[in-house]
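K.L.:
structure_28.cif is reproduced in full below (mmCIF, C-alpha atoms).
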```
data_protein
#
loop_
_atom_site.label_atom_id
_atom_site.label_comp_id
_atom_site.auth_asym_id
_atom_site.auth_seq_id
_atom_site.Cartn_x
_atom_site.Cartn_y
_atom_site.Cartn_z
CA MET A 1 6.33 3.58 21.87
CA ALA A 2 5.21 5.02 18.53
CA GLU A 3 7.71 5.51 15.73
CA GLU A 4 8.63 9.11 15.00
CA LEU A 5 9.30 9.92 11.37
CA LEU A 6 10.63 13.08 9.74
CA GLY A 7 7.87 14.57 7.61
CA VAL A 8 5.98 17.71 6.71
CA GLU A 9 2.28 18.47 7.08
CA CYS A 10 0.20 20.49 4.67
CA VAL A 11 -2.01 23.41 5.70
CA ASN A 12 -4.83 20.86 6.23
CA GLY A 13 -2.73 18.62 8.50
CA HIS A 14 -2.07 15.75 6.06
CA PRO A 15 1.34 14.05 6.59
CA ASN A 16 3.84 13.91 3.72
CA PRO A 17 7.46 12.78 3.22
CA PRO A 18 9.99 15.52 3.97
CA ASP A 19 10.97 15.85 0.28
CA ALA A 20 7.40 16.42 -0.99
CA TYR A 21 6.67 19.57 -2.99
CA ASP A 22 2.94 19.66 -2.26
CA CYS A 23 0.43 17.53 -0.37
CA ALA A 24 -0.24 14.10 -1.93
CA THR A 25 -3.77 14.14 -0.46
CA CYS A 26 -5.09 17.63 -1.21
CA ALA A 27 -2.33 19.32 -3.27
CA GLY A 28 -2.20 21.99 -0.55
CA ALA A 29 0.85 23.97 0.46
CA LEU A 30 3.28 22.37 2.88
CA ALA A 31 4.60 23.72 6.18
CA ALA A 32 7.87 25.61 6.00
CA ALA A 33 10.08 22.93 7.52
CA PRO A 34 9.97 19.16 8.14
CA ARG A 35 9.58 17.98 11.75
CA LEU A 36 9.23 14.69 13.60
CA LEU A 37 5.70 13.29 13.20
CA ASP A 38 4.27 10.68 15.58
CA ASN A 39 3.91 7.52 13.43
CA PRO A 40 1.96 9.14 10.57
CA PRO A 41 -0.03 6.99 8.15
CA ARG A 42 1.98 6.28 4.98
CA MET A 43 -1.01 5.23 2.86
CA VAL A 44 -4.66 4.33 3.18
CA VAL A 45 -5.43 0.73 2.24
CA GLU A 46 -8.95 0.30 0.89
CA ALA A 47 -10.14 -3.27 0.29
CA SER A 48 -12.93 -4.19 -2.11
CA THR A 49 -14.56 -5.85 0.91
CA GLY A 50 -15.17 -2.41 2.44
CA ALA A 51 -12.32 -2.51 4.96
CA ARG A 52 -10.28 0.70 5.07
CA LEU A 53 -7.31 1.50 7.27
CA ALA A 54 -4.43 3.90 7.60
CA LEU A 55 -1.18 1.99 7.10
CA ARG A 56 1.34 2.82 9.85
CA ARG A 57 3.05 -0.56 10.30
CA ASP A 58 3.45 -3.86 8.47
CA LEU A 59 0.19 -5.57 7.50
CA VAL A 60 -0.42 -9.20 6.50
CA VAL A 61 -3.52 -9.71 4.34
CA GLY A 62 -5.15 -13.09 3.74
CA ARG A 63 -8.15 -15.29 4.46
CA ALA A 64 -6.63 -16.36 7.82
CA PRO A 65 -3.47 -14.23 8.18
CA GLN A 66 -0.83 -15.05 10.79
CA TYR A 67 1.51 -12.73 12.66
CA LEU A 68 5.12 -12.58 11.48
CA SER A 69 7.37 -14.26 14.04
CA TYR A 70 10.10 -11.63 13.57
CA ASN A 71 7.84 -8.55 13.80
CA GLU A 72 5.65 -8.03 16.86
CA GLY A 73 4.09 -4.85 15.45
CA THR A 74 2.49 -6.54 12.44
CA GLU A 75 -1.23 -5.98 11.89
CA LEU A 76 -3.61 -8.45 10.23
CA LEU A 77 -6.41 -7.95 7.70
CA THR A 78 -8.72 -10.91 7.11
CA VAL A 79 -10.53 -10.97 3.77
CA PRO A 80 -13.21 -13.41 2.58
CA SER A 81 -12.31 -15.98 -0.03
CA PRO A 82 -15.22 -18.35 -0.67
CA GLY A 83 -13.34 -19.97 -3.56
CA ARG A 84 -10.16 -20.22 -1.43
CA LEU A 85 -8.20 -18.33 -4.10
CA VAL A 86 -6.71 -16.03 -1.44
CA SER A 87 -4.04 -17.75 0.66
CA ARG A 88 -4.18 -17.73 4.46
CA SER A 89 -1.27 -15.24 4.59
CA HIS A 90 -1.30 -13.92 1.03
CA VAL A 91 0.56 -10.61 0.89
CA LEU A 92 2.71 -8.55 3.26
CA LEU A 93 2.53 -4.77 3.09
CA GLN A 94 5.87 -3.70 4.53
CA VAL A 95 6.42 -0.19 5.91
CA VAL A 96 9.98 1.16 6.03
CA GLY A 97 10.23 4.89 6.60
CA TRP A 98 7.82 6.53 4.13
CA GLN A 99 7.99 3.62 1.67
CA VAL A 100 5.31 0.91 1.52
CA SER A 101 6.15 -2.27 -0.40
CA ALA A 102 4.13 -5.34 -1.30
CA ILE A 103 5.61 -8.81 -0.87
CA ASP A 104 3.70 -11.84 -2.14
CA MET A 105 4.08 -14.41 0.63
CA ASP A 106 4.42 -17.33 -1.81
CA SER A 107 0.63 -17.36 -2.18
CA HIS A 108 -0.99 -20.25 -4.02
CA ASN A 109 -2.61 -18.15 -6.81
CA GLY A 110 -0.32 -15.10 -6.80
CA THR A 111 -0.83 -11.36 -6.52
CA VAL A 112 -1.36 -9.02 -9.49
CA LEU A 113 -0.19 -5.39 -9.42
CA ARG A 114 -2.25 -2.89 -11.39
CA ARG A 115 -0.58 0.48 -11.96
CA LEU A 116 -1.79 3.39 -14.06
CA GLY A 117 0.07 3.45 -17.38
CA TYR A 118 1.50 -0.07 -17.08
CA GLU A 119 0.37 -3.56 -17.95
CA ASP A 120 -0.81 -5.77 -15.07
CA VAL A 121 2.07 -7.74 -13.52
CA GLN A 122 2.06 -10.84 -11.33
CA LEU A 123 4.37 -10.32 -8.36
CA VAL A 124 7.34 -12.62 -7.91
CA PRO A 125 7.01 -14.43 -4.54
CA ASP A 126 9.12 -12.90 -1.75
CA ALA A 127 10.15 -9.93 -3.97
CA GLN A 128 9.74 -6.46 -2.49
CA VAL A 129 7.69 -4.19 -4.80
CA PRO A 130 7.42 -0.47 -3.91
CA LEU A 131 3.82 0.81 -4.07
CA ARG A 132 2.53 4.17 -5.31
CA TYR A 133 -0.69 6.02 -4.61
CA GLY A 134 -3.37 4.68 -6.95
CA ASP A 135 -1.85 1.18 -7.23
CA GLU A 136 -4.08 -1.85 -6.82
CA LEU A 137 -3.25 -5.41 -5.77
CA ASP A 138 -5.60 -8.16 -6.97
CA LEU A 139 -5.43 -11.14 -4.61
CA GLY A 140 -8.11 -13.18 -6.40
CA ASP A 141 -11.68 -14.13 -5.49
CA GLY A 142 -12.74 -10.51 -6.06
CA VAL A 143 -10.41 -9.16 -3.35
CA VAL A 144 -8.62 -5.99 -4.50
CA LEU A 145 -6.53 -3.67 -2.33
CA ARG A 146 -6.29 -0.03 -3.41
CA PHE A 147 -3.62 2.36 -2.09
CA LEU A 148 -4.49 6.00 -1.46
CA PRO A 149 -2.67 8.98 0.06
CA PRO A 150 -3.20 9.44 3.81
CA GLY A 151 -6.51 11.24 4.39
CA ALA A 152 -7.76 10.65 0.82
CA SER A 153 -11.46 10.11 0.20
CA THR A 154 -12.62 7.13 -1.84
CA ASP A 155 -13.57 9.36 -4.79
CA ASP A 156 -10.27 11.30 -4.80
CA ASP A 157 -9.41 11.84 -8.47
CA ALA A 158 -5.68 11.97 -7.69
CA ALA A 159 -5.81 8.36 -6.54
CA ALA A 160 -8.04 7.01 -9.28
CA SER A 161 -7.45 3.32 -9.73
CA ALA A 162 -8.29 2.96 -13.41
CA HIS A 163 -5.36 1.72 -15.42
CA SER A 164 -4.51 1.34 -19.05
CA ALA A 165 -2.16 -0.92 -20.92
CA GLY A 166 1.27 0.61 -21.32
CA GLU A 167 4.89 -0.34 -20.95
CA SER A 168 5.75 -3.48 -19.05
CA LEU A 169 7.26 -3.62 -15.59
CA ASN A 170 10.47 -5.53 -14.90
CA VAL A 171 9.74 -8.13 -12.20
CA THR A 172 12.98 -10.05 -11.78
CA GLY A 173 13.08 -9.71 -7.99
CA SER A 174 12.11 -6.05 -7.80
CA LEU A 175 10.38 -3.53 -10.01
CA THR A 176 12.30 -0.86 -11.87
CA TYR A 177 10.91 2.15 -13.67
#
```
Please express what this file holds, its structure, as structure tokens.
P.N.:
Amino acid sequence: MAEELLGVECVNGHPNPPDAYDCATCAGALAAAPRLLDNPPRMVVEASTGARLALRRDLVVGRAPQYLSYNEGTELLTVPSPGRLVSRSHVLLQVVGWQVSAIDMDSHNGTVLRRLGYEDVQLVPDAQVPLRYGDELDLGDGVVLRFLPPGASTDDDAAASAHSAGESLNVTGSLTY
């Protein structure tokens, strides 16, 4: 049975959290009232390898990812790592409600978060880090995951992945802004 989630669609049918002011994908107007949506995508995950998927449930990414024993609904994304810099199960993308968080699964070489306006930060293993549209995770060996609004195209300016040095992020177990 698919998860139903309270949300609001824009005039073009893109799903958004119920507290959104306008569509994160197209900036279009939103429907008058939130309603239950049938397991809408929370983000689009675009890998530098060319893989692209709508994130609706937890996802483990790695060179030979394994299912989580406590979560039967977990999906897997296998990425190449010729230099073996990406761990077998490297990072967990956890979906809770509308929030998507990254959790480094105690990977051998770590995971780097790139966020517009902030300096790059290496994730603390097992710490839950909320993701935003436009964020990137660098897993190593040229594997980068980019996070876009649901329905976004790869050239969507609103989800541009360029970043610049700025203030530092606090990574003592979770990120604060």
K.L.:
Starting from the PyMOL selection byres ((chain A and resi 103) around 12), expand the selection into actual residues of this file and give them as a PDB file with C-alpha atoms, in the frame of the given file.
P.N.:
```
ATOM      1  CA  ASP A  58       3.450  -3.860   8.470  1.00  0.00           C
ATOM      2  CA  LEU A  59       0.190  -5.570   7.500  1.00  0.00           C
ATOM      3  CA  VAL A  60      -0.420  -9.200   6.500  1.00  0.00           C
ATOM      4  CA  VAL A  61      -3.520  -9.710   4.340  1.00  0.00           C
ATOM      5  CA  SER A  89      -1.270 -15.240   4.590  1.00  0.00           C
ATOM      6  CA  HIS A  90      -1.300 -13.920   1.030  1.00  0.00           C
ATOM      7  CA  VAL A  91       0.560 -10.610   0.890  1.00  0.00           C
ATOM      8  CA  LEU A  92       2.710  -8.550   3.260  1.00  0.00           C
ATOM      9  CA  LEU A  93       2.530  -4.770   3.090  1.00  0.00           C
ATOM     10  CA  GLN A  94       5.870  -3.700   4.530  1.00  0.00           C
ATOM     11  CA  VAL A  95       6.420  -0.190   5.910  1.00  0.00           C
ATOM     12  CA  VAL A 100       5.310   0.910   1.520  1.00  0.00           C
ATOM     13  CA  SER A 101       6.150  -2.270  -0.400  1.00  0.00           C
ATOM     14  CA  ALA A 102       4.130  -5.340  -1.300  1.00  0.00           C
ATOM     15  CA  ASP A 104       3.700 -11.840  -2.140  1.00  0.00           C
ATOM     16  CA  MET A 105       4.080 -14.410   0.630  1.00  0.00           C
ATOM     17  CA  ASP A 106       4.420 -17.330  -1.810  1.00  0.00           C
ATOM     18  CA  SER A 107       0.630 -17.360  -2.180  1.00  0.00           C
ATOM     19  CA  GLY A 110      -0.320 -15.100  -6.800  1.00  0.00           C
ATOM     20  CA  THR A 111      -0.830 -11.360  -6.520  1.00  0.00           C
ATOM     21  CA  VAL A 112      -1.360  -9.020  -9.490  1.00  0.00           C
ATOM     22  CA  LEU A 113      -0.190  -5.390  -9.420  1.00  0.00           C
ATOM     23  CA  GLN A 122       2.060 -10.840 -11.330  1.00  0.00           C
ATOM     24  CA  LEU A 123       4.370 -10.320  -8.360  1.00  0.00           C
ATOM     25  CA  VAL A 124       7.340 -12.620  -7.910  1.00  0.00           C
ATOM     26  CA  PRO A 125       7.010 -14.430  -4.540  1.00  0.00           C
ATOM     27  CA  ASP A 126       9.120 -12.900  -1.750  1.00  0.00           C
ATOM     28  CA  ALA A 127      10.150  -9.930  -3.970  1.00  0.00           C
ATOM     29  CA  GLN A 128       9.740  -6.460  -2.490  1.00  0.00           C
ATOM     30  CA  VAL A 129       7.690  -4.190  -4.800  1.00  0.00           C
ATOM     31  CA  PRO A 130       7.420  -0.470  -3.910  1.00  0.00           C
ATOM     32  CA  LEU A 131       3.820   0.810  -4.070  1.00  0.00           C
ATOM     33  CA  LEU A 137      -3.250  -5.410  -5.770  1.00  0.00           C
ATOM     34  CA  LEU A 139      -5.430 -11.140  -4.610  1.00  0.00           C
ATOM     35  CA  GLY A 173      13.080  -9.710  -7.990  1.00  0.00           C
ATOM     36  CA  SER A 174      12.110  -6.050  -7.800  1.00  0.00           C
ATOM     37  CA  LEU A 175      10.380  -3.530 -10.010  1.00  0.00           C
TER      38      LEU A 175
END
```
K.L.:
Expand the PyMOL selection byres ((chain A and resi 47) around 10) into the individual residues it matches in the shown file, reporting them as a list in words.
P.N.:
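Answer for the PyMOL selection byres ((chain A and resi 47) around 10): Val44, Val45, Glu46, Ser48, Thr49, Gly50, Ala51, Arg52, Leu53, Leu77, Val79, Glu136, Leu137, Asp138, Gly142, Val143, Val144, Leu145, Arg146 and Phe147 of chain A.
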K.L.:
If I take atom CA of A:Arg57 and atom CA of A:Gly97, how far is one from the other in Å, to one decimal?
P.N.:
9.7 Å
K.L.:
Determine the nearest neighbour of A:Pro149 from the options A:Leu36, A:Ala31, A:Leu55, A:Val121, counting only C-alpha atoms.
P.N.:
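Looking only at the distances to A:Pro149, the closest residue turns out to be A:Leu55.
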K.L.:
Once the PyMOL selection byres ((chain A and resi 35) around 7) is applied to the coordinates I shared, what remains selected? I want it as a compact mmCIF listing (two decimals) with C-alpha atoms, in the frame of the given file.
P.N.:
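Saved to part_38.txt:
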```
# COMPACT_ATOMS: atom_id res chain seq x y z
CA LEU A 6 10.63 13.08 9.74
CA GLY A 7 7.87 14.57 7.61
CA VAL A 8 5.98 17.71 6.71
CA ALA A 33 10.08 22.93 7.52
CA PRO A 34 9.97 19.16 8.14
CA LEU A 36 9.23 14.69 13.60
CA LEU A 37 5.70 13.29 13.20
```
K.L.:
Distance atom CA of A:Glu9-atom CA of A:Leu30, one decimal place?
P.N.:
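Pair atom CA of A:Glu9 / atom CA of A:Leu30 returns 5.8 Å.
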K.L.:
Atom CA of A:Leu76 and atom CA of A:Gln99, how far apart in Å?
P.N.:
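Spanning atom CA of A:Gln99 to atom CA of A:Leu76 is a straight-line distance of 18.8 Å.
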K.L.:
Looking at all atoms listed in the file, which of A:Val86, A:Met43, A:Cys23, A:Cys10 is the one that sits closest to A:Trp98?
P.N.:
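Checking each of A:Val86, A:Met43, A:Cys23, A:Cys10 against A:Trp98, counting all atoms listed in the file, the winner is A:Met43.
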K.L.:
Centre and edge lengths of an axis-aligned box around all listed atoms of stretch 7-13 of chain A, with 6 Å added on each side, are to be given in Å to one decimal, as lines of an AutoDock Vina configuration file.
P.N.:
```
center_x = 1.5
center_y = 19.0
center_z = 6.6
size_x = 24.7
size_y = 20.8
size_z = 15.8
```
K.L.:
Counting only C-alpha atoms, which of A:Asp22, A:Pro41, A:Val11, A:Asp135 gets nearest to A:Asp120?
P.N.:
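Of all the options, A:Asp135 lies closest to A:Asp120.
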K.L.:
When you count only C-alpha atoms, which of these residues is closest to A:Tyr133: A:Arg56, A:Arg63, A:His14, A:Arg42?
P.N.:
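Looking at the shortest contact to A:Tyr133, the residue is A:Arg42.
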K.L.:
From the options A:Gly140, A:Asn39, A:Ala24, A:Ala29, which residue's atoms come nearest to A:Glu4, counting only C-alpha atoms?
P.N.:
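Under the stated criterion, the closest residue is A:Asn39.
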